[in-house]
Amino acid sequence: MDENKKKLVTILVPAYNEEEVLNMLYDRLQKLMDENEGYDFEVLLVNDGSKDKTFQIMQELREKDKRVCYLNLSRNYGKETAMIAGLDYCKGDCVVIIDADLQDPPELIPEMLKYWEEGYDDVYAKRKSRDGETWLKKFTSKMYYKVLQAFTRIEIQKDTGDFRLLDRRCIEALKSIRETQRYTKGLFSWIGYNKKEILYARDPRAAGQTKWNYRNLINLSIDGITSFTTSPLRWAALLGVLVSLVGFIYMIFIIIKTIATGVDVPGYASTMVVILFLGGIQLIFLGVIGEYLGRAFNETKHRPLYFIDRYNEEKETNRDLNK
Ligand code: UDP
Ligand code: MG
């Protein structure tokens, strides 16, 4: 590589209705970019179909500073998709994914770059603390990691968001995965490569509202499990074997009892219990099978992950890479 050429670092920011924080974010990033002269920077703002002035602010920022690029998606696709769109369009030798709301301090980036230079491909920031989040969110997130980890073989990093630095080869790896129901947190682990953890204190949101609600989180958590493991299906089969074994033993018992003592009319309660219990289990596992079938259905449609409205000043149609 040319010695004099500086490496390009892309800072990727997915943003949905973030008008209140974008300028603040830019100020912090600008300071960071000016202080780290050893690198060239590109700030890639991905507007995930915001309904407020987010896009307008992005355009203003680009007018001021050409290091800022923006990508305007055709509608709101969710953060996971906004991130892959950003990865598709990022030009850097590495990328740092950061939330728009300043919960991830940009001041950590130089430390990430240092480890990157040492040869790590994926430098992820793990939260020491989660100020400004409710105990319910902390608790559910902790339980969820436990369940997910119990189900999957790949190791998923605890208390780690999407705030991380990825080398170009991780970017290419992630780009090659074109699943529509993406669970990026798992994909980061799944692709492997050299990982390095750094600790940080997660700040409260600078302004604005969190975009997550419990419905989103539940959907994301189900995606997390179904996209990385089919073990719920195996559990269903195992439980089925167990229940039918018990049923079989009970059947023998009833047959013998009937032969020995004659027809026994009362039995309503036990019949109901068995019917309800088995019915319940069957419905649950039909649901589980349905989840997987649904995923298969969605993936076989091979739809593009997103559509682009604008990349910088240009009106865009999707590029080839967005197969
Ligand atoms: N985000 C997005 N699309 C969405 C929802 C969120 O691009 O549909 C972005 C949002 O703008 C922010 C990041 O994802 O930059 C994290 O969202 P948020 O801060 O609301 O989540 P939390 O930090 O509460 O988990
Ligand atoms: Mg946030």
# chains A, B, ... in the order shown; residues from 1 in each chain; ligands from 1
$ select_by_dssp --residues "stretch 151-288 of chain A" --states "helix (DSSP H, G or I)" --output "MDAnalysis selection string"
chainID A and resid 151 168:176 184:190 214:228 231:261 268:288
$ residues_near_ligand --ligand "ligand 2" --cutoff "7 Å" --atoms "only C-alpha atoms and all ligand atoms" --output "ChimeraX atom specification"
/A:99,101,103,205,210
$ write_last_selection --atoms "N, CA and C atoms" --output "PDB file, in the first residue's frame"
ATOM      1  N   ASP A  99     -24.465   4.557  17.170  1.00  0.00           N
ATOM      2  CA  ASP A  99     -25.843   5.052  17.235  1.00  0.00           C
ATOM      3  C   ASP A  99     -25.868   6.565  17.114  1.00  0.00           C
ATOM      4  N   ASP A 101     -27.782   8.535  18.712  1.00  0.00           N
ATOM      5  CA  ASP A 101     -28.242   9.235  19.913  1.00  0.00           C
ATOM      6  C   ASP A 101     -27.148   9.522  20.933  1.00  0.00           C
ATOM      7  N   GLN A 103     -25.396   7.558  22.597  1.00  0.00           N
ATOM      8  CA  GLN A 103     -25.266   6.620  23.709  1.00  0.00           C
ATOM      9  C   GLN A 103     -23.907   5.946  23.652  1.00  0.00           C
ATOM     10  N   ARG A 205     -29.359   8.426  26.432  1.00  0.00           N
ATOM     11  CA  ARG A 205     -29.671   9.091  25.178  1.00  0.00           C
ATOM     12  C   ARG A 205     -29.505  10.608  25.317  1.00  0.00           C
ATOM     13  N   THR A 210     -36.271   6.652  22.550  1.00  0.00           N
ATOM     14  CA  THR A 210     -35.807   5.376  22.018  1.00  0.00           C
ATOM     15  C   THR A 210     -36.804   4.873  20.980  1.00  0.00           C
TER      16      THR A 210
END
$ residues_near_ligand --ligand "ligand 1" --cutoff "10 Å" --atoms "only C-alpha atoms and all ligand atoms" --output "JSON, numbers by chain"
{"A": [12, 13, 14, 15, 16, 17, 18, 19, 21, 22, 45, 46, 47, 48, 49, 50, 54, 75, 76, 77, 78, 79, 80, 81, 82, 83, 97, 98, 99, 100, 101, 102, 103, 104, 132, 133, 137, 161, 162, 163, 202, 203, 204, 205, 206, 207, 208, 209, 210, 211, 212, 213, 216, 217]}
$ residues_around --residues "stretch 173-188 of chain A" --least-positions-apart "2" --cutoff "6 Å" --atoms "only C-alpha atoms" --output "PyMOL selection string"
chain A and resi 170-171+190-191+224+305
$ write_last_selection --atoms "N, CA, C and O atoms" --output "PDB file, in the first residue's frame"
ATOM      1  N   CYS A 170     -14.349  -7.961   7.375  1.00  0.00           N
ATOM      2  CA  CYS A 170     -15.618  -8.228   8.071  1.00  0.00           C
ATOM      3  C   CYS A 170     -16.775  -7.599   7.302  1.00  0.00           C
ATOM      4  O   CYS A 170     -17.859  -8.169   7.199  1.00  0.00           O
ATOM      5  N   ILE A 171     -16.508  -6.399   6.775  1.00  0.00           N
ATOM      6  CA  ILE A 171     -17.560  -5.718   6.010  1.00  0.00           C
ATOM      7  C   ILE A 171     -17.969  -6.588   4.821  1.00  0.00           C
ATOM      8  O   ILE A 171     -19.153  -6.823   4.581  1.00  0.00           O
ATOM      9  N   TRP A 190     -20.841 -14.761  14.172  1.00  0.00           N
ATOM     10  CA  TRP A 190     -20.862 -15.870  13.246  1.00  0.00           C
ATOM     11  C   TRP A 190     -19.741 -15.785  12.224  1.00  0.00           C
ATOM     12  O   TRP A 190     -19.166 -16.799  11.836  1.00  0.00           O
ATOM     13  N   ILE A 191     -19.418 -14.553  11.795  1.00  0.00           N
ATOM     14  CA  ILE A 191     -18.374 -14.429  10.778  1.00  0.00           C
ATOM     15  C   ILE A 191     -16.988 -14.695  11.344  1.00  0.00           C
ATOM     16  O   ILE A 191     -16.056 -14.953  10.585  1.00  0.00           O
ATOM     17  N   GLY A 224     -33.485 -13.619  16.632  1.00  0.00           N
ATOM     18  CA  GLY A 224     -32.168 -14.023  17.111  1.00  0.00           C
ATOM     19  C   GLY A 224     -32.079 -15.524  17.274  1.00  0.00           C
ATOM     20  O   GLY A 224     -31.096 -16.150  16.874  1.00  0.00           O
ATOM     21  N   LEU A 305     -32.938  -6.327   0.055  1.00  0.00           N
ATOM     22  CA  LEU A 305     -33.100  -5.999   1.476  1.00  0.00           C
ATOM     23  C   LEU A 305     -33.697  -4.618   1.691  1.00  0.00           C
ATOM     24  O   LEU A 305     -34.337  -4.354   2.689  1.00  0.00           O
TER      25      LEU A 305
END
$ residues_around --residues "stretch 166-169 of chain A" --least-positions-apart "5" --cutoff "12 Å" --atoms "only C-alpha atoms" --output "JSON, numbers by chain"
{"A": [7, 8, 9, 10, 11, 12, 87, 88, 90, 91, 92, 93, 94, 95, 96, 97, 98, 109, 112, 113, 115, 116, 117, 118, 119, 120, 121, 122, 123, 124, 125, 174, 175, 176, 188, 189, 191, 192, 193, 194, 195, 196]}
$ closest_residue --among "A:Gly86, A:Thr160, A:Ala236, A:Ala201" --to "A:Gly287" --atoms "only C-alpha atoms"
A:Ala236
$ residues_around --residues "stretch 238-247 of chain A" --least-positions-apart "5" --cutoff "9 Å" --atoms "only C-alpha atoms" --output "list in words"
Leu233, Ile252, Val274, Leu278, Ile281 and Gln282 of chain A
$ write_last_selection --atoms "N, CA and C atoms" --output "PDB file, in the first residue's frame"
ATOM      1  N   LEU A 233     -36.735 -26.922  17.388  1.00  0.00           N
ATOM      2  CA  LEU A 233     -37.389 -28.020  16.675  1.00  0.00           C
ATOM      3  C   LEU A 233     -36.984 -29.364  17.284  1.00  0.00           C
ATOM      4  N   ILE A 252     -51.460 -48.669  28.390  1.00  0.00           N
ATOM      5  CA  ILE A 252     -51.336 -50.047  28.867  1.00  0.00           C
ATOM      6  C   ILE A 252     -52.060 -50.194  30.202  1.00  0.00           C
ATOM      7  N   VAL A 274     -55.784 -34.707  29.734  1.00  0.00           N
ATOM      8  CA  VAL A 274     -54.897 -35.183  28.674  1.00  0.00           C
ATOM      9  C   VAL A 274     -55.126 -34.404  27.382  1.00  0.00           C
ATOM     10  N   LEU A 278     -52.154 -32.104  25.863  1.00  0.00           N
ATOM     11  CA  LEU A 278     -51.577 -32.434  24.552  1.00  0.00           C
ATOM     12  C   LEU A 278     -51.907 -31.372  23.515  1.00  0.00           C
ATOM     13  N   ILE A 281     -49.573 -28.448  23.970  1.00  0.00           N
ATOM     14  CA  ILE A 281     -48.218 -28.718  23.472  1.00  0.00           C
ATOM     15  C   ILE A 281     -48.185 -28.718  21.951  1.00  0.00           C
ATOM     16  N   GLN A 282     -49.207 -29.306  21.358  1.00  0.00           N
ATOM     17  CA  GLN A 282     -49.241 -29.352  19.894  1.00  0.00           C
ATOM     18  C   GLN A 282     -49.307 -27.952  19.295  1.00  0.00           C
TER      19      GLN A 282
END
$ select_by_dssp --residues "stretch 3-43 of chain A" --states "strand (DSSP E or B)" --output "VMD selection string"
chain A and resid 7 to 15 39 to 43
